[in-house]
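Asks: Okay, here's the structure, questions in a sec.
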Amino acid sequence: MVLSEKSKPVNRNKRRKRRFYKRKRFWGSLLLLGLIAAGVGYVAVERYTRPHRERAAEYDLERINELEVPSVILGRDGGEIGRFFVQNRSIIGVDKIPDRFIDALRAGEDKRFYDHGGVDYIGIARAAKSWLSAGEAVSGASTITQQLARGAFSLEADRRKRGDSAIDRKLVEAFLAMRIEDRYRKDQILEFYLNRIYFGSGFYGIRSASLGYFGKEPEELSDIECATLVGLIKNPTGLSPLNNREASEGARNMVLARMSKLGMFSSSEARRLMAKPIKLNPKPLQRGTTHLYERIADEIRALLGEDGLAAGGLQIRTSIDSRVQSAATTKLEEILKRAEAREGYSHVKHGEFSKGSPEVKEYLQGAVLMVDHRNGGVIAHVGGRDYAEVPFDVIELGQRPLGTAFHPFLYAAALESGMTPASPVDDSAMDNRAVMVGGREGILGEWGLESPTPRYEGEVTLRRALEASKIAGSVRVANEVGLGKVVEQARKFGLPVPEDVELLPRIALGFESASLKEAVSAYAAFARDGIPGPRKVWYVESIRDAGGQVRFQRPVIHPEVPRAVSDATAFQIHSILRSGMQRGSARGLTDLIEATPFNGAGKPGTTHDFSDNWFLGYNGRVACGVWIGFLEGDRSIYEGAFGRDLAMPVWAEVMNAAGRDFGGRGIPQPPSVVEAEVCRVSGQRATPYCYEMVEDPATGRLRSRPAGITEYFRKGTEALPFCSQHSGATPVEPGQGAMDLTALAVIDTSPVRPQEPTLLGDDPYHSIHVNSDNAPQPRVRAGRTNVLDSFDLEDTLDGIELPKPSRLEIVPE
C-alpha cells in the first residue's frame, strides 16, 4: 500500500507529540537527578547530624543503670555532712513484672517496641501529620528506648549548657537510643526503664509505685491497676490518683482503649474495666535515710515541689552543725546502751531484732534537738535511734508527758501571780489521794530531786521548792495559784494543753504531754526575757541545683513570738534553774559543762513512773532538749531511772560541742529586777546570824555555813521582815517603827573559842564564823554588845540615852 503525500505529515506529528514521561531518556534523567539529590541530601544530613551523633557517642552506656545523682547536704560552715537519695525506689528484675503490664505499656507508650531499633519512624510520621493538621503537637513519637535515654542521661541539662535547640536535643536522643538498642536486649531495656521512671507521689520504679498506690507487689497487679500505672507516665504528678483521681481514671481509660484496639482484650471487657473506680491501698516503701535527712527532704519538697526534689544533684546548705550533730548521735547511743546494760533492765534491747523482721521494734528510744532560739534554725536533730528500723521521728511526731520538766512553767505562773522566790512553801508529806498518780494509797512520792533518797525539809522557800522539784510542795503551789492559771500560763509558753483538760492536781506534776520541739521553744523563754523561741523551726538555708543556680535563699528574719511572762519572771526562773545546778535536781551539771563561765541553765524531768526522762535548757544563743523513753505506753525504763542520770549527760555533751560557736551572750538582769539579801532557810531578810548546818560531802560531818544569799525580786516586792529563825527575834516588818528590845536577848560575853573545826549542836551566841577555807573565826566584839549591833536599821531608830548606872556595892555576909 502506498501512502499518499497527505498522510505522511500526520504520522510525523504523532511521533512528535509522544508524552515526555514516556521517554526513556526522561526516566533516566530523573533517576540520575534523584541519585544526585539523595547523595547531596545524605551528605547534608550526615554533616548536619554528625555533631549529634558524636555527642550521643560521648555518653557512657555502662552508666545507664545509675538511677539517681545524690543531693549533697552541707553544714552551716559549708562542709559536707551527708548525701541522700530522695527517690523512693526498689529494683526488681523484668521477670517480676507481669506480661499484662508490658502489654499496657506497649499500648500506652510504644506499640512497636519489639519492631524498631530505637526510633519509630512510623510514629514520627504520624506525629508530624498530627502536628501539620492541628498546628501543634498532639501526640508524641518518643519510644521507650528514647525515654530511657532521656532519663538515664542529662540530655536536657547538656542542651541548656550548649545553648542548643530542642530539635538538637531530640536528635542526640534518637542516636543515643540507637546505641542503646545495639548494646542491650529488649528485656534489659524494659528492666532499666521500669526501674527508673517516675510514677508520681514520690514513687520511682514499678515496685515502689505498685506498693505506694495499691499495697501489693507488681506480680499481683490486676489489669486495671496495670493500666492505671501506665496512664501516669505522661504526667506523673498531675495524673497521680492520690492527687487527682478523676484525671487518673481518664488516663487509665485511654490506655485500656488502646489495649482493646490492639486486640489485647475485647471492647466489652475494656468498657467493663473503664467503668470501675480506682481503689487505692497505699503501703509505700520506707527510704533508708535518717530522721534528719527526711526533715531536710520535707523542707525542700515544700520549697521546690516533688519534681524539684526528685531532680537530684542539689547542693543544700543547712543550719546543721556537723560537730554538734555527731556529738548528739554518739552520746545518745552511748547512754541508751548503758541503760540497756544496767543490771535488772527487763525490756527488749536494740540489736535483738533481726534485720527485716516484721516485729514492732519497741526498744528504748531517745531524741535530741538543738535550735538557735533567735531565728529557729536547727543546729542538731536526732529524731530517733535507728531510722531503718524505726522511722518514727520523735521530734516531728511524738508527744510525751513532761514530768518534773514542767515545773518551771508552774512556778512562772506563781511568780506572775505575785509570789516571790522567797515565798514560803510547805515541803511535807502529802496523801497521794490528793493527787492520785502511781496509785491511790500511801504518801505521794518525792522523785523530783532526782535522787533515790529524797527528804522533806519542812517549810522552804519557793526557790528551794523549784531547785529540788519538790513534788508535794509543787502541788501545794499549784493549788494556791489556781490550776486554771497554771494551765493558762502553760499555753502562753506554747505547750499544747487540751482545751478540755481536767483541772486536777496531777497537772502540777507534768502529766500532760508535749513534743520535744514545743518544750525546747518554751524553755527558750527564760533566756529571751519571757518570749518563747520560734514556734516553727527550719533546716535549709539555701539550695543550688546541679547547674549551680540558686533555687532558694532564706532571708534573715527573727520571728515575732507572743510574750509568755514578764522579763522579771523569766529572769527569776533562770536564776533558780542556775542554783538548781549546784544543789538541786540538776546538781553536778556544772562539772559536766566545759564552758567557763556557763551563762545558761537547764533542768531534768522525770515522770512518776520513770517512763520518760527529759533534760531541757538553754544559753544565750541556743535552746536544747533531750528525751529518753519508749514510744508507746507507760513502761518504766527501770526503777529509779532519772533524767539527771540519763538525759543530762547527753545534754551536757551536746552543749559542750556547741560551746565554741554557740556559747551566746550572757543573760542580763533586767531593770525590773532588784537584789536583796535573804536567808536561804527562812526566806526572810538576812542577818549576820543566818547560818545553816550542812553535811560535808567529803567527810560526812556537819558544818555550818552562812545562809544568806542574793535573791532577785520584781521591783516593789523586795521589802521583807528580818529573819526570825536565826536572830531570836519575832519578825518585824521594816518601817514599822521602834523594836521592842525586850524581845531580844542581850549578849554580854566573850567569844567561845572552838575546840573543833565544827561546832556540834546549836550556837546560840553566834560565836563563830566560817571563812572561805571552812575554818572557824571568832567574832570580835567591842565592849557590851547585843544582836542589834549588826542590823541595818536604816535610821528607823533614834539613839537611846541610857542613865549612868549607880555604884555597885557589895555587902559582906
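By order in the C-alpha cells, chains are A, B, ...; within a chain, residues start at 1; ligands start at 1, following the order shown.
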Excluding Glu156 of chain A and residues on its chain fewer than 3 positions from it, collect all residues at most 7 Å away from it, counting only C-alpha atoms, and give them as a count of residues only.
Replies: 3
Asks: Sorted by chain and rising residue number, which residues of segment 385-441 of chain A lie within 9 Å of segment 696-715 of chain A, and what are their closest atom pairs and distances in Å to one decimal, counting only C-alpha atoms, as a tab-separated table?
Replies:
residue	atom	partner	partner_atom	distance
A:Thr420	CA	A:Phe713	CA	6.6
A:Pro421	CA	A:Glu711	CA	7.3
A:Ala422	CA	A:Glu711	CA	7.6
Asks: Go ahead and write the selection's residues with all heavy atoms as a PDB file, in the first residue's frame.
Replies:
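Contents of part-v8.pdb, as written:
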ATOM      1  N   THR A 420       7.004  35.416 145.326  1.00  0.00           N
ATOM      2  CA  THR A 420       8.408  35.754 145.079  1.00  0.00           C
ATOM      3  C   THR A 420       9.252  34.499 145.283  1.00  0.00           C
ATOM      4  O   THR A 420       8.778  33.506 145.861  1.00  0.00           O
ATOM      5  CB  THR A 420       8.907  36.850 146.039  1.00  0.00           C
ATOM      6  OG1 THR A 420       9.105  36.275 147.343  1.00  0.00           O
ATOM      7  CG2 THR A 420       7.910  38.005 146.116  1.00  0.00           C
ATOM      8  N   PRO A 421      10.507  34.521 144.853  1.00  0.00           N
ATOM      9  CA  PRO A 421      11.370  33.362 145.115  1.00  0.00           C
ATOM     10  C   PRO A 421      11.555  33.075 146.594  1.00  0.00           C
ATOM     11  O   PRO A 421      11.965  31.970 146.963  1.00  0.00           O
ATOM     12  CB  PRO A 421      12.699  33.754 144.459  1.00  0.00           C
ATOM     13  CG  PRO A 421      12.321  34.740 143.408  1.00  0.00           C
ATOM     14  CD  PRO A 421      11.177  35.509 143.981  1.00  0.00           C
ATOM     15  N   ALA A 422      11.265  34.045 147.453  1.00  0.00           N
ATOM     16  CA  ALA A 422      11.413  33.855 148.898  1.00  0.00           C
ATOM     17  C   ALA A 422      10.106  33.456 149.568  1.00  0.00           C
ATOM     18  O   ALA A 422      10.077  33.265 150.785  1.00  0.00           O
ATOM     19  CB  ALA A 422      11.947  35.138 149.534  1.00  0.00           C
TER      20      ALA A 422
END
Asks: Return the single residue from A:Ala152, A:Ile124, A:Ala570, A:Leu280 that is closest to Val69 of chain A, with distances computed using only C-alpha atoms.
Replies: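 Nearest candidate to Val69 of chain A out of A:Ala152, A:Ile124, A:Ala570, A:Leu280: A:Ala152.
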Asks: Counting only C-alpha atoms, what is within 12 Å of Phe493 of chain A, bar same-chain residues fewer than 5 positions away, as an MDAnalysis selection string?
Replies: chainID A and resid 406 408:410 412:413 486:488 514 518:526 530:535 561:566 570
Asks: Write out, as a compact mmCIF listing (two decimals), in the first residue's frame, the residues just selected, with N, CA, C and O atoms.
Replies:
# COMPACT_ATOMS: atom_id res chain seq x y z
N PHE A 406 8.10 20.10 133.73
CA PHE A 406 7.02 21.09 133.63
C PHE A 406 7.11 22.15 134.73
O PHE A 406 6.53 23.23 134.61
N PRO A 408 9.15 24.55 135.86
CA PRO A 408 9.42 25.98 135.63
C PRO A 408 8.20 26.76 135.16
O PRO A 408 8.05 27.94 135.50
N PHE A 409 7.32 26.12 134.41
CA PHE A 409 6.13 26.82 133.92
C PHE A 409 5.11 26.99 135.05
O PHE A 409 4.44 28.02 135.13
N LEU A 410 5.03 26.01 135.93
CA LEU A 410 4.17 26.13 137.11
C LEU A 410 4.65 27.27 138.00
O LEU A 410 3.85 28.13 138.42
N ALA A 412 6.54 29.76 137.18
CA ALA A 412 6.39 31.04 136.48
C ALA A 412 4.99 31.59 136.71
O ALA A 412 4.81 32.80 136.91
N ALA A 413 3.99 30.71 136.70
CA ALA A 413 2.62 31.14 136.99
C ALA A 413 2.53 31.69 138.41
O ALA A 413 1.83 32.69 138.67
N VAL A 486 -2.45 27.99 136.07
CA VAL A 486 -1.29 27.21 135.66
C VAL A 486 -1.45 26.74 134.22
O VAL A 486 -0.52 26.83 133.40
N VAL A 487 -2.63 26.24 133.87
CA VAL A 487 -2.89 25.78 132.50
C VAL A 487 -2.80 26.94 131.52
O VAL A 487 -2.19 26.82 130.44
N GLU A 488 -3.39 28.06 131.89
CA GLU A 488 -3.34 29.25 131.01
C GLU A 488 -1.90 29.69 130.77
O GLU A 488 -1.52 30.04 129.65
N ALA A 514 3.75 16.90 125.68
CA ALA A 514 4.24 17.94 124.76
C ALA A 514 5.30 17.30 123.88
O ALA A 514 5.87 16.26 124.20
N GLU A 518 8.19 21.61 121.05
CA GLU A 518 7.43 22.57 121.85
C GLU A 518 8.12 22.87 123.17
O GLU A 518 8.17 24.03 123.62
N ALA A 519 8.68 21.84 123.80
CA ALA A 519 9.35 22.03 125.08
C ALA A 519 10.60 22.89 124.94
O ALA A 519 10.89 23.75 125.78
N VAL A 520 11.37 22.66 123.88
CA VAL A 520 12.59 23.44 123.64
C VAL A 520 12.24 24.91 123.40
O VAL A 520 12.89 25.82 123.94
N SER A 521 11.21 25.15 122.62
CA SER A 521 10.77 26.52 122.37
C SER A 521 10.34 27.20 123.66
O SER A 521 10.65 28.37 123.91
N ALA A 522 9.61 26.47 124.52
CA ALA A 522 9.11 27.04 125.77
C ALA A 522 10.26 27.40 126.71
O ALA A 522 10.26 28.48 127.33
N TYR A 523 11.25 26.52 126.86
CA TYR A 523 12.38 26.80 127.76
C TYR A 523 13.21 27.99 127.28
O TYR A 523 13.85 28.68 128.09
N ALA A 524 13.21 28.24 125.98
CA ALA A 524 13.97 29.38 125.46
C ALA A 524 13.47 30.70 126.02
O ALA A 524 14.21 31.70 126.04
N ALA A 525 12.23 30.74 126.51
CA ALA A 525 11.68 31.98 127.05
C ALA A 525 12.49 32.49 128.23
O ALA A 525 12.56 33.70 128.46
N PHE A 526 13.13 31.60 128.98
CA PHE A 526 13.89 32.02 130.16
C PHE A 526 15.22 32.66 129.77
O PHE A 526 15.88 33.27 130.61
N GLY A 530 11.39 36.28 128.62
CA GLY A 530 9.99 35.85 128.72
C GLY A 530 9.31 35.56 127.41
O GLY A 530 8.12 35.25 127.39
N ILE A 531 10.05 35.63 126.29
CA ILE A 531 9.48 35.37 124.98
C ILE A 531 9.95 34.00 124.49
O ILE A 531 11.16 33.79 124.35
N PRO A 532 9.06 33.04 124.25
CA PRO A 532 9.49 31.71 123.79
C PRO A 532 10.24 31.79 122.47
O PRO A 532 10.17 32.78 121.74
N GLY A 533 10.98 30.72 122.17
CA GLY A 533 11.67 30.64 120.90
C GLY A 533 10.69 30.48 119.75
O GLY A 533 9.50 30.21 119.96
N PRO A 534 11.16 30.64 118.51
CA PRO A 534 10.27 30.50 117.34
C PRO A 534 9.53 29.17 117.37
O PRO A 534 10.10 28.12 117.65
N ARG A 535 8.24 29.22 117.07
CA ARG A 535 7.42 28.00 117.09
C ARG A 535 7.71 27.12 115.88
O ARG A 535 7.53 25.91 115.93
N VAL A 561 7.26 36.31 118.37
CA VAL A 561 6.52 35.32 119.17
C VAL A 561 5.89 36.06 120.35
O VAL A 561 6.54 36.89 120.97
N PRO A 562 4.62 35.79 120.66
CA PRO A 562 3.98 36.47 121.80
C PRO A 562 4.70 36.20 123.11
O PRO A 562 5.21 35.10 123.34
N ARG A 563 4.73 37.19 123.95
CA ARG A 563 5.38 37.06 125.26
C ARG A 563 4.60 36.09 126.14
O ARG A 563 3.37 36.08 126.15
N ALA A 564 5.34 35.25 126.88
CA ALA A 564 4.70 34.29 127.78
C ALA A 564 4.64 34.82 129.21
O ALA A 564 3.62 34.65 129.90
N VAL A 565 5.74 35.44 129.68
CA VAL A 565 5.81 36.00 131.03
C VAL A 565 6.61 37.29 130.97
O VAL A 565 7.26 37.60 129.97
N SER A 566 6.60 38.03 132.06
CA SER A 566 7.38 39.27 132.14
C SER A 566 8.87 38.95 132.16
O SER A 566 9.28 37.83 132.48
N ALA A 570 10.89 35.74 134.00
CA ALA A 570 11.82 34.91 133.22
C ALA A 570 13.19 34.89 133.88
O ALA A 570 13.82 33.82 133.99
Asks: Take atom CA of Leu364 of chain A and atom CA of Ser469 of chain A and report the distance between them in Å, one decimal.
Replies: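 Going from atom CA of Leu364 of chain A over to atom CA of Ser469 of chain A covers 25.5 Å.
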Asks: List as a PyMOL selection string the protein and nucleic acid residues near segment 77-94 of chain A, meaning an atom at most 7 Å away when only C-alpha atoms are counted, but skip any in the same chain fewer than 6 places from it.
Replies: chain A and resi 68+70-71+187+191+195+202-205+207-208+285+287+289+310+317+322
Asks: Residues at most 8 Å from segment 231-237 of chain A, counting only C-alpha atoms, excluding those fewer than 6 positions away in the same chain, as a list in words?
Replies: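 Answer for this query is Gly108, Ile197, Tyr198, Phe199, Gly200, Ser201, Asn243, Ser248, Ala251, Arg252, Met254 and Val255 of chain A.
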Asks: For atom CA of Gly510 of chain A and atom CA of Gly643 of chain A, quote the distance in Å rounded to one decimal.
Replies: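 Distance reported for this atom pair: 13.7 Å.
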Asks: Just the number, please: distance in Å from atom CA of Arg150 of chain A to atom CA of Gly548 of chain A, one decimal.
Replies: 21.0 Å
Asks: Would you mind telling me which residue in A:Arg374, A:Arg587, A:Arg295, A:Arg106 lies nearest to Met264 of chain A when using only C-alpha atoms?
Replies: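 Comparing A:Arg374, A:Arg587, A:Arg295, A:Arg106 against Met264 of chain A, the winner is A:Arg106.
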Asks: Need the shell around Tyr193 of chain A: protein/DNA/RNA residues with any atom at most 9 Å away, counting only C-alpha atoms. Skip same-chain ones fewer than 4 positions apart. Format as a list in words?
Replies: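 Neighbouring residues, sequence-local ones excluded: Asn65, Ile144, Thr145, Gln147, Leu148, Gly151, Ala152, Gln188, Ile189, Ile197 and Gly205 of chain A.
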Asks: Find, counting only C-alpha atoms, the residue in A:Ala647, A:Val540, A:Leu262, A:Leu105 that gets nearest to Thr318 of chain A.
Replies: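 Looking only at the distances to Thr318 of chain A, the closest residue turns out to be A:Val540.
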Asks: When distances are computed from only C-alpha atoms, which of A:Gln146, A:Gln572, A:Asn281, A:Thr228 shows the smallest separation from Gly212 of chain A?
Replies: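 Looking only at the distances to Gly212 of chain A, the closest residue turns out to be A:Asn281.
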Asks: Report as CSV the residues of segment 565-648 of chain A within 9 Å of segment 377-398 of chain A, each with its shortest atom pair and distance in Å (one decimal), using only C-alpha atoms, ordered by chain and increasing residue number.
Replies:
residue,atom,partner,partner_atom,distance
A:Val622,CA,A:Ile379,CA,8.5
A:Cys624,CA,A:Ala380,CA,8.9
A:Trp627,CA,A:Val394,CA,8.9
A:Leu631,CA,A:Gly398,CA,7.7
Asks: Between A:Leu646, A:Ile300, A:Leu402, A:Leu31, which one has atoms that come closest to Arg544 of chain A, using only C-alpha atoms?
Replies: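 Ranked by minimum distance to Arg544 of chain A, first place goes to A:Ile300.
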